[in-house]
>>> print(open('target27.cif').read())   # mmCIF, C-alpha atoms
data_target
#
loop_
_atom_site.group_PDB
_atom_site.id
_atom_site.type_symbol
_atom_site.label_atom_id
_atom_site.label_comp_id
_atom_site.auth_asym_id
_atom_site.auth_seq_id
_atom_site.Cartn_x
_atom_site.Cartn_y
_atom_site.Cartn_z
ATOM 1 C CA MET A 1 -6.028 18.151 -7.622
ATOM 2 C CA GLU A 2 -3.166 16.998 -5.412
ATOM 3 C CA LYS A 3 -2.182 20.580 -4.578
ATOM 4 C CA TYR A 4 -5.768 21.459 -3.736
ATOM 5 C CA MET A 5 -6.196 18.444 -1.450
ATOM 6 C CA ALA A 6 -2.841 19.030 0.257
ATOM 7 C CA VAL A 7 -4.061 22.492 1.308
ATOM 8 C CA HIS A 8 -7.845 22.108 1.700
ATOM 9 C CA GLU A 9 -8.294 18.378 2.393
ATOM 10 C CA PRO A 10 -5.049 17.173 4.032
ATOM 11 C CA GLU A 11 -6.614 14.018 5.499
ATOM 12 C CA LEU A 12 -8.039 13.021 2.116
ATOM 13 C CA TYR A 13 -4.711 13.874 0.493
ATOM 14 C CA ALA A 14 -2.900 11.490 2.868
ATOM 15 C CA PHE A 15 -5.548 8.825 2.195
ATOM 16 C CA THR A 16 -5.031 9.112 -1.568
ATOM 17 C CA ARG A 17 -1.245 8.912 -1.173
ATOM 18 C CA PHE A 18 -1.587 5.457 0.410
ATOM 19 C CA ILE A 19 -3.749 4.396 -2.536
ATOM 20 C CA TYR A 20 -1.364 5.958 -5.083
ATOM 21 C CA TYR A 21 1.983 4.810 -3.646
ATOM 22 C CA ALA A 22 1.071 1.558 -1.879
ATOM 23 C CA PHE A 23 -1.836 0.467 -4.108
ATOM 24 C CA ILE A 24 -3.989 -0.221 -1.064
ATOM 25 C CA ARG A 25 -7.664 -0.277 -1.985
ATOM 26 C CA PRO A 26 -9.879 2.272 -0.184
ATOM 27 C CA GLY A 27 -11.861 -0.434 1.622
ATOM 28 C CA GLU A 28 -8.662 -2.081 2.837
ATOM 29 C CA LEU A 29 -7.151 1.243 3.848
ATOM 30 C CA ARG A 30 -10.047 2.033 6.162
ATOM 31 C CA ALA A 31 -9.160 -1.089 8.196
ATOM 32 C CA ILE A 32 -5.397 -0.488 8.453
ATOM 33 C CA GLU A 33 -4.286 0.113 12.029
ATOM 34 C CA ILE A 34 -1.287 2.205 13.004
ATOM 35 C CA GLN A 35 0.432 -0.991 14.195
ATOM 36 C CA ASP A 36 0.189 -2.333 10.622
ATOM 37 C CA VAL A 37 2.520 0.422 9.405
ATOM 38 C CA ARG A 38 5.961 -1.045 10.071
ATOM 39 C CA PHE A 39 8.228 1.984 9.824
ATOM 40 C CA ASN A 40 11.517 0.225 10.591
ATOM 41 C CA GLN A 41 10.893 -2.578 8.109
ATOM 42 C CA LYS A 42 9.367 -0.144 5.593
ATOM 43 C CA TYR A 43 6.205 -2.078 4.831
ATOM 44 C CA ILE A 44 2.488 -1.990 5.556
ATOM 45 C CA LEU A 45 0.672 -5.133 6.613
ATOM 46 C CA VAL A 46 -2.639 -5.733 4.863
ATOM 47 C CA ARG A 47 -4.433 -8.363 6.901
ATOM 48 C CA GLY A 48 -6.293 -11.167 5.176
ATOM 49 C CA ALA A 49 -9.489 -10.288 7.018
ATOM 50 C CA VAL A 50 -9.673 -7.015 5.071
ATOM 51 C CA SER A 51 -7.824 -7.747 1.818
ATOM 52 C CA LYS A 52 -9.642 -8.400 -1.430
ATOM 53 C CA ASN A 53 -8.032 -11.816 -1.897
ATOM 54 C CA GLY A 54 -8.283 -12.842 1.758
ATOM 55 C CA LYS A 55 -4.510 -13.194 2.130
ATOM 56 C CA THR A 56 -2.322 -11.365 4.606
ATOM 57 C CA GLU A 57 0.342 -9.583 2.588
ATOM 58 C CA THR A 58 2.682 -6.642 2.800
ATOM 59 C CA VAL A 59 3.259 -3.629 0.605
ATOM 60 C CA PRO A 60 6.495 -1.645 0.636
ATOM 61 C CA ILE A 61 6.680 1.894 1.899
ATOM 62 C CA ILE A 62 8.547 3.826 -0.771
ATOM 63 C CA SER A 63 10.316 7.067 0.174
ATOM 64 C CA ALA A 64 7.544 9.311 -1.185
ATOM 65 C CA LEU A 65 4.988 7.552 1.024
ATOM 66 C CA LEU A 66 7.364 7.591 3.987
ATOM 67 C CA ALA A 67 7.424 11.387 3.713
ATOM 68 C CA VAL A 68 3.611 11.455 3.892
ATOM 69 C CA ILE A 69 3.557 9.052 6.841
ATOM 70 C CA SER A 70 6.089 11.114 8.773
ATOM 71 C CA LYS A 71 3.739 14.118 8.571
ATOM 72 C CA LEU A 72 0.907 12.123 10.163
ATOM 73 C CA GLU A 73 2.711 12.218 13.523
ATOM 74 C CA LEU A 74 1.718 8.710 14.548
ATOM 75 C CA SER A 75 2.712 7.614 18.027
ATOM 76 C CA LYS A 76 3.381 4.169 19.415
ATOM 77 C CA GLN A 77 0.877 4.816 22.207
ATOM 78 C CA ASN A 78 -1.856 4.868 19.580
ATOM 79 C CA GLN A 79 -0.771 1.770 17.677
ATOM 80 C CA PHE A 80 -4.189 0.094 17.982
ATOM 81 C CA LEU A 81 -6.018 3.021 16.433
ATOM 82 C CA TYR A 82 -7.173 2.967 12.845
ATOM 83 C CA LEU A 83 -4.795 4.885 10.615
ATOM 84 C CA PHE A 84 -7.754 6.572 8.913
ATOM 85 C CA GLY A 85 -10.472 6.500 11.527
ATOM 86 C CA LYS A 86 -13.513 8.728 11.787
ATOM 87 C CA GLY A 87 -12.849 11.955 9.861
ATOM 88 C CA LEU A 88 -9.915 10.238 8.118
ATOM 89 C CA ILE A 89 -7.683 10.852 11.136
ATOM 90 C CA PRO A 90 -6.231 8.235 13.502
ATOM 91 C CA GLY A 91 -8.971 7.043 15.828
ATOM 92 C CA LYS A 92 -10.686 4.217 17.678
ATOM 93 C CA GLU A 93 -13.606 4.109 15.257
ATOM 94 C CA VAL A 94 -13.251 2.957 11.677
ATOM 95 C CA SER A 95 -14.139 5.575 9.084
ATOM 96 C CA ALA A 96 -17.583 5.145 7.582
ATOM 97 C CA LYS A 97 -17.482 3.422 4.206
ATOM 98 C CA GLN A 98 -18.379 6.419 2.049
ATOM 99 C CA VAL A 99 -16.550 9.253 3.870
ATOM 100 C CA ALA A 100 -13.446 9.296 1.660
ATOM 101 C CA PHE A 101 -15.527 8.757 -1.494
ATOM 102 C CA ARG A 102 -17.853 11.682 -0.683
ATOM 103 C CA ARG A 103 -15.003 14.012 0.205
ATOM 104 C CA HIS A 104 -13.243 13.041 -3.015
ATOM 105 C CA GLU A 105 -16.403 13.772 -5.010
ATOM 106 C CA LYS A 106 -16.641 17.216 -3.388
ATOM 107 C CA VAL A 107 -13.069 18.016 -4.414
ATOM 108 C CA LEU A 108 -13.842 16.915 -7.968
ATOM 109 C CA LYS A 109 -16.864 19.243 -8.030
ATOM 110 C CA VAL A 110 -14.914 22.206 -6.663
ATOM 111 C CA LEU A 111 -12.254 21.689 -9.324
ATOM 112 C CA LYS A 112 -14.891 21.076 -12.025
ATOM 113 C CA LEU A 113 -13.580 17.574 -12.680
ATOM 114 C CA ASP A 114 -16.749 15.762 -11.649
ATOM 115 C CA ASN A 115 -17.686 14.838 -15.230
ATOM 116 C CA LYS A 116 -14.359 13.152 -16.063
ATOM 117 C CA ASN A 117 -15.082 9.693 -14.578
ATOM 118 C CA TYR A 118 -12.363 10.125 -11.944
ATOM 119 C CA THR A 119 -12.918 8.107 -8.800
ATOM 120 C CA LEU A 120 -11.093 7.589 -5.543
ATOM 121 C CA TYR A 121 -9.997 4.227 -6.933
ATOM 122 C CA SER A 122 -8.402 6.032 -9.901
ATOM 123 C CA TRP A 123 -5.473 6.936 -7.651
ATOM 124 C CA LYS A 124 -4.491 3.252 -7.578
ATOM 125 C CA HIS A 125 -4.613 3.008 -11.358
ATOM 126 C CA THR A 126 -2.688 6.257 -11.811
ATOM 127 C CA GLY A 127 -0.064 5.139 -9.319
ATOM 128 C CA ALA A 128 0.370 1.791 -11.072
ATOM 129 C CA VAL A 129 0.680 3.459 -14.478
ATOM 130 C CA ASN A 130 3.224 5.973 -13.192
ATOM 131 C CA ALA A 131 5.215 3.263 -11.394
ATOM 132 C CA TYR A 132 5.336 1.212 -14.564
ATOM 133 C CA LEU A 133 6.281 4.183 -16.737
ATOM 134 C CA SER A 134 9.013 5.166 -14.275
ATOM 135 C CA GLY A 135 10.666 1.783 -14.741
ATOM 136 C CA VAL A 136 9.250 -0.464 -12.034
ATOM 137 C CA GLY A 137 9.470 -3.981 -13.452
ATOM 138 C CA ILE A 138 6.384 -6.097 -13.951
ATOM 139 C CA LYS A 139 7.437 -8.659 -11.312
ATOM 140 C CA GLN A 140 8.006 -5.942 -8.708
ATOM 141 C CA LEU A 141 4.738 -4.284 -9.715
ATOM 142 C CA GLN A 142 2.963 -7.622 -9.357
ATOM 143 C CA GLN A 143 4.190 -7.893 -5.776
ATOM 144 C CA MET A 144 3.307 -4.287 -4.976
ATOM 145 C CA LEU A 145 -0.199 -4.663 -6.423
ATOM 146 C CA ARG A 146 -0.515 -7.993 -4.570
ATOM 147 C CA HIS A 147 -1.514 -9.841 -7.729
ATOM 148 C CA SER A 148 -1.136 -13.608 -7.588
ATOM 149 C CA THR A 149 0.538 -13.887 -11.008
ATOM 150 C CA VAL A 150 2.522 -11.789 -13.460
ATOM 151 C CA GLN A 151 -0.167 -12.582 -16.024
ATOM 152 C CA MET A 152 -2.743 -10.876 -13.813
ATOM 153 C CA THR A 153 -0.527 -7.779 -13.673
ATOM 154 C CA ASP A 154 -0.062 -7.926 -17.436
ATOM 155 C CA ILE A 155 -3.834 -7.995 -17.933
ATOM 156 C CA TYR A 156 -4.206 -5.136 -15.442
ATOM 157 C CA LEU A 157 -1.636 -3.003 -17.266
ATOM 158 C CA LYS A 158 -3.240 -3.728 -20.627
ATOM 159 C CA SER A 159 -6.635 -2.696 -19.217
ATOM 160 C CA LEU A 160 -5.005 0.643 -18.372
ATOM 161 C CA GLY A 161 -3.722 1.038 -21.930
ATOM 162 C CA LEU A 162 -0.167 -0.142 -21.335
ATOM 163 C CA ARG A 163 1.902 -2.921 -22.764
ATOM 164 C CA THR A 164 4.255 -4.766 -20.471
ATOM 165 C CA ASP A 165 7.218 -4.220 -22.801
ATOM 166 C CA PRO A 166 7.397 -0.633 -24.025
ATOM 167 C CA ASN A 167 10.426 -1.493 -26.178
ATOM 168 C CA ILE A 168 8.672 -4.173 -28.243
ATOM 169 C CA GLU A 169 8.751 -2.052 -31.390
ATOM 170 C CA ASN A 170 12.552 -1.833 -31.076
ATOM 171 C CA TYR A 171 13.005 -5.580 -31.306
ATOM 172 C CA ASN A 172 13.897 -7.072 -34.652
ATOM 173 C CA TRP A 173 13.549 -10.807 -35.205
#
>>> encode(input="target27.cif", output="structure tokens")
Amino acid sequence: MEKYMAVHEPELYAFTRFIYYAFIRPGELRAIEIQDVRFNQKYILVRGAVSKNGKTETVPIISALLAVISKLELSKQNQFLYLFGKGLIPGKEVSAKQVAFRRHEKVLKVLKLDNKNYTLYSWKHTGAVNAYLSGVGIKQLQQMLRHSTVQMTDIYLKSLGLRTDPNIENYNW
């Protein structure tokens, strides 16, 4: 799916990379402005006015996402544009609410994956699972997911079929 989008839907591919690597929800991502992407500090600002919890927070830009961002060719002259404006390209107008969802559904249909319960939001879950399985600690994951507590992250991971300590069966007490 990623390979297909990279070739046939590059704007949607970039959109999903922000969801996958930065765990930014699709609704939040639509409201991110180019000025919110702080390249030098390597973080993205998610303003409280658009975040799910109403708090202004940051998410780190990991190297894989930095590579995607560098291909977007963002300029400082356009810093007040939406990162994913109309057509999922930088622009003055915010992307309509369902644009990314509809384009994602079309890709699923083309690839005959439309009956698998995959959604645009699944990229966030997949990214969190892969981050956890690659060794990202639960505290770091909590901060990246912008959860208020480690317990919330633990519940989230369990809902995705993971335990927070994969070595539990190796303990002997």
>>> atom_distance(input="target27.cif", atom1="CA of Ile155 (chain A)", atom2="CA of Thr126 (chain A)")
15.6 Å
>>> residues_around(input="target27.cif", residues="region 5-7 of chain A", least_positions_apart="5", cutoff="12 Å", atoms="only C-alpha atoms", output="count of residues only")
16
>>> atom_distance(input="target27.cif", atom1="CA of Leu81 (chain A)", atom2="CA of Glu33 (chain A)")
5.6 Å
>>> closest_residue(input="target27.cif", among="A:Thr153, A:Ser51, A:Asn117, A:Ser148", to="Tyr132 (chain A)", atoms="all atoms listed in the file")
A:Thr153
>>> axis_aligned_box(input="target27.cif", around="region 30-46 of chain A", padding_each_side="8 Å", output="AutoDock Vina command-line options")
--center_x 0.7 --center_y -1.8 --center_z 9.5 --size_x 37.6 --size_y 23.9 --size_z 25.4
>>> closest_residue(input="target27.cif", among="A:Phe23, A:Leu160, A:Lys97, A:Glu28", to="Gly48 (chain A)", atoms="all atoms listed in the file")
A:Glu28
>>> resolve_selection(input="target27.cif", expression="the PyMOL selection byres ((chain A and resi 20) around 8)", output="list in words")
Thr16, Arg17, Phe18, Ile19, Tyr21, Ala22, Phe23, Ile24, Trp123, Lys124, His125, Thr126, Gly127 and Ala128 of chain A
>>> write_last_selection(input="target27.cif", atoms="C-alpha atoms", output="CSV table (one decimal), keeping the file's coordinate frame")
chain,number,residue,atom,x,y,z
A,16,THR,CA,-5.0,9.1,-1.6
A,17,ARG,CA,-1.2,8.9,-1.2
A,18,PHE,CA,-1.6,5.5,0.4
A,19,ILE,CA,-3.7,4.4,-2.5
A,21,TYR,CA,2.0,4.8,-3.6
A,22,ALA,CA,1.1,1.6,-1.9
A,23,PHE,CA,-1.8,0.5,-4.1
A,24,ILE,CA,-4.0,-0.2,-1.1
A,123,TRP,CA,-5.5,6.9,-7.7
A,124,LYS,CA,-4.5,3.3,-7.6
A,125,HIS,CA,-4.6,3.0,-11.4
A,126,THR,CA,-2.7,6.3,-11.8
A,127,GLY,CA,-0.1,5.1,-9.3
A,128,ALA,CA,0.4,1.8,-11.1
>>> closest_residue(input="target27.cif", among="A:Lys92, A:His147, A:Lys112, A:Lys52", to="Ile34 (chain A)", atoms="all atoms listed in the file")
A:Lys92
>>> atom_distance(input="target27.cif", atom1="CA of Leu66 (chain A)", atom2="CA of Val99 (chain A)")
24.0 Å
>>> closest_residue(input="target27.cif", among="A:Leu72, A:Ile61, A:Leu120, A:Val129", to="Gly161 (chain A)", atoms="all atoms listed in the file")
A:Val129
>>> closest_residue(input="target27.cif", among="A:Arg102, A:Ala64, A:Val94, A:Thr56", to="Tyr82 (chain A)", atoms="only C-alpha atoms")
A:Val94
>>> closest_residue(input="target27.cif", among="A:Gly54, A:Pro10, A:Pro60, A:Gly91", to="Ile32 (chain A)", atoms="only C-alpha atoms")
A:Gly91
>>> resolve_selection(input="target27.cif", expression="the PyMOL selection byres ((chain A and resi 44) around 9)", output="list in words")
Ala22, Ile32, Gln35, Asp36, Val37, Arg38, Phe39, Gln41, Lys42, Tyr43, Leu45, Val46, Glu57, Thr58, Val59, Pro60 and Ile61 of chain A
>>> residues_around(input="target27.cif", residues="Gly87 (chain A)", least_positions_apart="2", cutoff="8 Å", atoms="all atoms listed in the file", output="ChimeraX atom specification")
/A:11,84-85,89,95,99
>>> resolve_selection(input="target27.cif", expression="the PyMOL selection byres ((chain A and resi 141) around 10)", output="list of chain:residue names")
A:Phe23, A:Ala128, A:Val129, A:Ala131, A:Tyr132, A:Gly135, A:Val136, A:Gly137, A:Ile138, A:Lys139, A:Gln140, A:Gln142, A:Gln143, A:Met144, A:Leu145, A:Arg146, A:His147, A:Val150, A:Thr153, A:Asp154, A:Leu157
